[in-house]
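Undergrad: Please find model_34.cif (mmCIF, C-alpha atoms) on the next line:
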data_model
#
loop_
_atom_site.label_atom_id
_atom_site.label_comp_id
_atom_site.auth_asym_id
_atom_site.auth_seq_id
_atom_site.Cartn_x
_atom_site.Cartn_y
_atom_site.Cartn_z
CA SER A 1 116.66 96.92 82.97
CA SER A 2 118.87 95.23 80.37
CA LEU A 3 118.25 97.84 77.67
CA PRO A 4 121.34 100.00 78.40
CA LEU A 5 123.45 96.89 77.79
CA ILE A 6 121.63 96.09 74.54
CA VAL A 7 121.02 99.46 72.89
CA THR A 8 124.62 100.42 72.26
CA ALA A 9 126.24 102.23 69.35
CA GLY A 10 126.99 98.84 67.78
CA PHE A 11 123.36 97.74 68.15
CA THR A 12 122.13 100.94 66.49
CA SER A 13 124.56 100.56 63.59
CA SER A 14 123.55 96.93 63.12
CA TYR A 15 119.88 97.92 63.12
CA LEU A 16 120.45 100.51 60.41
CA MET A 17 122.42 98.00 58.36
CA ALA A 18 119.57 95.51 58.76
CA LEU A 19 117.14 98.08 57.34
CA SER A 20 119.40 98.41 54.31
CA VAL A 21 119.32 94.63 53.89
CA ALA A 22 115.52 94.77 54.17
CA ASN A 23 115.47 97.40 51.43
CA LEU A 24 117.41 95.22 49.01
CA GLY A 25 115.93 91.90 50.10
CA GLY A 26 112.38 93.16 49.86
CA ARG A 27 112.88 94.22 46.24
CA PHE A 28 114.22 90.83 45.17
CA THR A 29 111.79 88.76 47.23
CA MET A 30 108.62 90.59 46.22
CA ALA A 31 109.63 90.72 42.56
CA SER A 32 110.17 86.96 42.56
CA LEU A 33 106.96 86.35 44.47
CA SER A 34 104.92 88.42 42.02
CA ASP A 35 106.09 86.11 39.22
CA SER A 36 104.58 83.20 41.12
CA ILE A 37 101.33 84.54 42.54
CA GLY A 38 100.72 87.62 40.38
CA CYS A 39 101.23 91.32 40.99
CA LYS A 40 97.79 92.03 42.43
CA ASN A 41 98.06 89.24 44.99
CA THR A 42 101.55 90.43 45.89
CA PHE A 43 100.30 93.98 46.43
CA ASN A 44 97.44 92.72 48.59
CA MET A 45 99.90 90.68 50.63
CA ILE A 46 102.17 93.71 51.08
CA ILE A 47 99.27 95.91 52.17
CA GLY A 48 97.80 93.22 54.42
CA GLY A 49 101.18 92.62 56.03
CA SER A 50 101.98 96.29 56.54
CA LEU A 51 98.79 97.29 58.32
CA PRO A 52 99.24 95.18 61.49
CA ILE A 53 102.90 96.26 61.66
CA PHE A 54 102.00 99.95 61.76
CA LEU A 55 99.15 99.38 64.20
CA ALA A 56 101.37 97.32 66.49
CA ALA A 57 104.31 99.77 66.51
CA PRO A 58 102.89 102.14 69.18
CA VAL A 59 102.00 99.14 71.34
CA LEU A 60 105.53 97.75 71.10
CA VAL A 61 107.04 101.17 71.88
CA SER A 62 104.80 101.38 74.95
CA GLN A 63 105.88 97.90 76.03
CA VAL A 64 109.55 98.83 75.69
CA ALA A 65 109.04 102.04 77.68
CA ASP A 66 106.96 100.39 80.41
CA THR A 67 108.75 97.07 80.91
CA LYS A 68 112.30 97.97 79.82
CA ALA A 69 112.44 94.40 78.53
CA ALA A 70 114.44 93.22 75.55
CA MET A 71 111.73 91.17 73.82
CA PRO A 72 109.45 94.11 72.83
CA LEU A 73 112.53 95.89 71.51
CA TYR A 74 113.47 92.91 69.35
CA LEU A 75 109.88 92.66 68.12
CA PHE A 76 109.89 96.35 67.20
CA CYS A 77 113.16 95.99 65.29
CA GLY A 78 111.87 92.89 63.51
CA SER A 79 108.56 94.51 62.59
CA THR A 80 110.23 97.62 61.17
CA PHE A 81 112.59 95.37 59.20
CA ALA A 82 109.52 93.66 57.71
CA ALA A 83 107.83 97.01 57.03
CA VAL A 84 110.83 98.27 55.05
CA ALA A 85 111.08 94.99 53.12
CA LEU A 86 107.39 95.13 52.19
CA GLY A 87 107.47 98.80 51.27
CA CYS A 88 110.51 98.42 49.04
CA GLY A 89 108.92 95.36 47.46
CA ILE A 90 106.26 97.67 46.02
CA ILE A 91 108.94 99.56 44.10
CA SER A 92 110.25 96.45 42.36
CA THR A 93 106.84 95.07 41.40
CA THR A 94 105.21 98.29 40.19
CA PRO A 95 106.55 98.33 36.57
CA ALA A 96 105.36 94.76 35.89
CA TYR A 97 102.00 95.54 37.50
CA GLU A 98 101.60 98.64 35.32
CA ALA A 99 102.30 96.57 32.22
CA ALA A 100 99.66 94.03 33.28
CA LEU A 101 97.08 96.74 33.90
CA PHE A 102 97.71 99.17 31.05
CA GLY A 103 99.62 97.15 28.45
CA SER A 104 103.34 97.13 27.78
CA LYS A 105 103.43 99.60 24.88
CA ASN A 106 103.26 102.79 26.95
CA VAL A 107 104.41 101.42 30.28
CA GLY A 108 107.37 103.79 30.27
CA ALA A 109 105.11 106.85 30.12
CA VAL A 110 102.76 105.38 32.71
CA HIS A 111 105.65 104.63 35.06
CA GLY A 112 106.98 108.15 34.53
CA ARG A 113 103.70 109.56 35.79
CA MET A 114 103.78 107.17 38.71
CA LEU A 115 107.26 108.42 39.61
CA LEU A 116 105.97 112.00 39.50
CA PHE A 117 103.37 111.20 42.15
CA ASN A 118 105.96 109.22 44.11
CA SER A 119 108.11 112.36 44.18
CA MET A 120 105.17 114.39 45.45
CA GLY A 121 104.58 111.77 48.14
CA ALA A 122 108.27 111.87 49.10
CA VAL A 123 107.81 115.56 49.93
CA ALA A 124 104.28 115.50 51.39
CA GLY A 125 104.74 112.35 53.50
CA PRO A 126 107.67 113.49 55.64
CA ALA A 127 106.11 116.95 55.99
CA LEU A 128 102.90 115.37 57.31
CA PHE A 129 104.70 113.13 59.78
CA VAL A 130 106.99 115.91 61.02
CA ASN A 131 103.89 118.02 61.62
CA LEU A 132 102.19 115.20 63.54
CA ARG A 133 105.33 114.65 65.61
CA SER A 134 105.59 118.36 66.40
CA ARG A 135 101.97 118.45 67.51
CA SER A 136 102.46 115.44 69.78
CA GLU A 137 105.65 116.93 71.22
CA LEU A 138 103.95 120.26 71.89
CA SER A 139 101.02 118.52 73.58
CA ALA A 140 103.38 116.52 75.80
CA MET A 141 105.34 119.65 76.76
CA GLN A 142 102.17 121.57 77.60
CA ASP A 143 101.10 118.71 79.85
CA LEU A 144 104.48 118.70 81.62
CA LEU A 145 104.32 122.46 82.10
CA THR A 146 101.31 121.95 84.38
CA LYS A 147 103.40 119.63 86.57
CA VAL A 148 106.80 121.36 86.83
CA ASP A 149 107.90 123.38 89.85
CA PRO A 150 107.17 126.99 88.76
CA MET A 151 109.94 128.44 90.93
CA ARG A 152 112.59 126.09 89.54
CA PHE A 153 111.35 126.79 86.02
CA GLU A 154 111.66 130.55 86.46
CA ALA A 155 115.06 130.21 88.11
CA GLN A 156 116.39 128.21 85.17
CA PHE A 157 114.81 130.05 82.24
CA GLY A 158 114.20 133.52 83.64
CA VAL A 159 110.50 133.54 82.74
CA GLY A 160 107.35 132.00 84.15
CA THR A 161 105.62 128.96 82.76
CA ASP A 162 103.03 131.25 81.18
CA GLN A 163 105.76 132.45 78.78
CA ALA A 164 107.03 128.98 77.93
CA GLN A 165 105.71 129.10 74.36
CA GLY A 166 108.45 131.53 73.39
CA LEU A 167 111.05 129.11 74.73
CA ILE A 168 109.43 126.26 72.81
CA ASP A 169 109.46 128.27 69.57
CA ALA A 170 113.13 129.09 70.12
CA LYS A 171 113.92 125.38 70.71
CA THR A 172 115.26 126.31 74.15
CA LEU A 173 112.78 124.15 76.00
CA SER A 174 112.54 120.39 75.56
CA ILE A 175 110.76 117.44 77.12
CA ALA A 176 114.00 116.30 78.75
CA LYS A 177 114.52 119.68 80.44
CA LEU A 178 110.94 119.72 81.69
CA MET A 179 111.32 116.23 83.12
CA GLU A 180 114.30 117.50 85.13
CA LEU A 181 112.11 120.22 86.68
CA LEU A 182 109.38 117.90 87.93
CA PRO A 183 109.09 117.59 91.72
CA PRO A 184 110.42 114.21 92.92
CA GLU A 185 107.00 112.94 93.95
CA THR A 186 105.58 113.88 90.53
CA LEU A 187 108.55 112.46 88.63
CA ALA A 188 108.02 109.11 90.34
CA ILE A 189 104.56 108.73 88.80
CA THR A 190 105.18 110.46 85.45
CA THR A 191 106.23 108.56 82.33
CA ASP A 192 108.64 110.29 79.95
CA PRO A 193 106.45 111.03 76.89
CA THR A 194 109.39 111.10 74.45
CA PRO A 195 108.91 107.52 73.13
CA PHE A 196 105.25 108.19 72.36
CA ILE A 197 105.46 111.35 70.24
CA TYR A 198 105.50 109.23 67.06
CA ASP A 199 102.29 107.35 67.92
CA THR A 200 100.13 109.63 65.79
CA SER A 201 102.52 109.20 62.86
CA TRP A 202 102.24 105.40 63.08
CA GLN A 203 98.45 105.70 63.23
CA ALA A 204 98.42 108.05 60.23
CA ILE A 205 100.52 105.59 58.23
CA ALA A 206 98.10 102.79 59.14
CA GLY A 207 95.21 104.98 57.95
CA LEU A 208 96.94 105.66 54.64
CA VAL A 209 97.56 101.93 54.20
CA CYS A 210 93.80 101.35 54.62
CA VAL A 211 93.11 103.97 51.94
CA SER A 212 95.64 102.34 49.63
CA ALA A 213 94.01 98.93 50.18
CA VAL A 214 90.62 100.26 49.08
CA SER A 215 92.09 102.20 46.15
CA HIS A 216 94.16 99.27 44.99
CA ASN A 217 91.21 96.90 44.87
CA MET A 218 89.20 99.43 42.85
CA ILE A 219 91.77 99.32 40.03
CA ARG A 220 90.75 97.34 36.96
CA PRO A 221 92.82 96.49 33.85
CA VAL A 222 92.20 98.61 30.77
CA ASP A 223 89.54 97.01 28.57
CA LEU A 224 91.04 95.23 25.58
CA SER A 225 88.84 97.29 23.23
CA LYS A 226 90.81 100.39 24.28
CA TYR A 227 94.13 99.03 23.03
CA GLN A 228 95.42 100.72 19.89
CA GLY A 229 95.79 97.41 18.05
CA ASN A 230 92.07 96.77 18.43
CA LYS A 231 90.91 100.05 16.93
#
Using structure tokens, write down the structure from this file.

TA:
Amino acid sequence: SSLPLIVTAGFTSSYLMALSVANLGGRFTMASLSDSIGCKNTFNMIIGGSLPIFLAAPVLVSQVADTKAAMPLYLFCGSTFAAVALGCGIISTTPAYEAALFGSKNVGAVHGRMLLFNSMGAVAGPALFVNLRSRSELSAMQDLLTKVDPMRFEAQFGVGTDQAQGLIDAKTLSIAKLMELLPPETLAITTDPTPFIYDTSWQAIAGLVCVSAVSHNMIRPVDLSKYQGNK
């Protein structure tokens, strides 16, 4: 495998810097694009481009874990770069889109309400994904507990596998430690589940993108008869 030679501290730092570039570049690119093709078309392009990225992420992670090849890793890094660019593009195009939908007079108040819901999403979103990750991690650990050597487990932790939940709650037990306790013949045919504990989070994001696509295309501009100047 060439991955240990590729995924170094320098590679990780460069990847994080690239995500920062995607953040800034996405804002400028999508704002400029919306001036050319319109805000609604830009939003549809962002949503349409994000969905396959989130659906493909678990597949790419699986490919990296199974093949240990560099290409799936590069594809994953590139797709997450694109996802960040598209997501941040929404931020830069929203005020202009709000003005087009609701008129420019009260766009400040409208955007203020949008920011309120964005703040709620900033709290609820990570909480949801942390919960999904924890559930996946717990499921993986429970599966490994059925495969570990019970005698080695008790020798290391002082309790039987039937009392492992207390160790999990105390953060004493981890997937890595359970992998070390697998019998050699079992370890040879068991894949480390660590890379896959975010699969449900990726799938949940893809589901939310589908909901946003439907919701977005249900939005209609405010009827001109509702504008104050027409009363």

Undergrad: Give me the residues within 8 Å of Pro193 in chain A as a list in words, counting only C-alpha atoms and dropping any in the same chain fewer than 2 places off.

TA: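 The contact residues come out as Ala140, Ile175, Thr191, Pro195, Phe196 and Ile197 of chain A.
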
Undergrad: For a cut-off of 12 Å around (102.1, 99.1, 71.9), file coordinates, pick out all residues using only C-alpha atoms and list them as a list in words.

TA: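 Result, sorted by chain then residue number: Pro52, Ile53, Phe54, Leu55, Ala56, Ala57, Pro58, Val59, Leu60, Val61, Ser62, Gln63, Val64, Ala65, Asp66, Thr67, Pro72, Leu73, Leu75, Phe76, Pro195, Phe196, Tyr198, Asp199, Trp202 and Gln203 of chain A.
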
Undergrad: Could you list, as a PyMOL selection string, every residue within 12 Å of Glu180 in chain A, counting only C-alpha atoms and ignoring same-chain residues fewer than 5 positions away?

TA: chain A and resi 144-145+147-149+152-153+156+173-175+186-188+190+192

Undergrad: Go through the shown structure with the PyMOL selection byres ((chain A and resi 102-113) around 10) and write out the matching residues as a VMD selection string.

TA: chain A and resid 94 to 101 114 to 119 220 to 224 226 to 228

Undergrad: With a distance cut-off of 9 Å and all atoms listed in the file, select the neighbouring residues of Ala18 in chain A, excluding the residue or stretch itself and same-chain residues fewer than 5 positions from it, and output the selection as a ChimeraX atom specification.

TA: /A:13,23,81

Undergrad: List the residues selected by the PyMOL selection byres ((chain A and resi 26) around 10) in the file shown, writing them as a list in words.

TA: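 Applying the PyMOL selection byres ((chain A and resi 26) around 10) to the structure shown produces Ser20, Val21, Ala22, Asn23, Leu24, Gly25, Arg27, Phe28, Thr29, Met30, Ala31, Ser32, Phe81, Ala82, Ala83, Val84, Ala85, Leu86, Gly87, Cys88, Gly89, Ile90, Ile91 and Ser92 of chain A.
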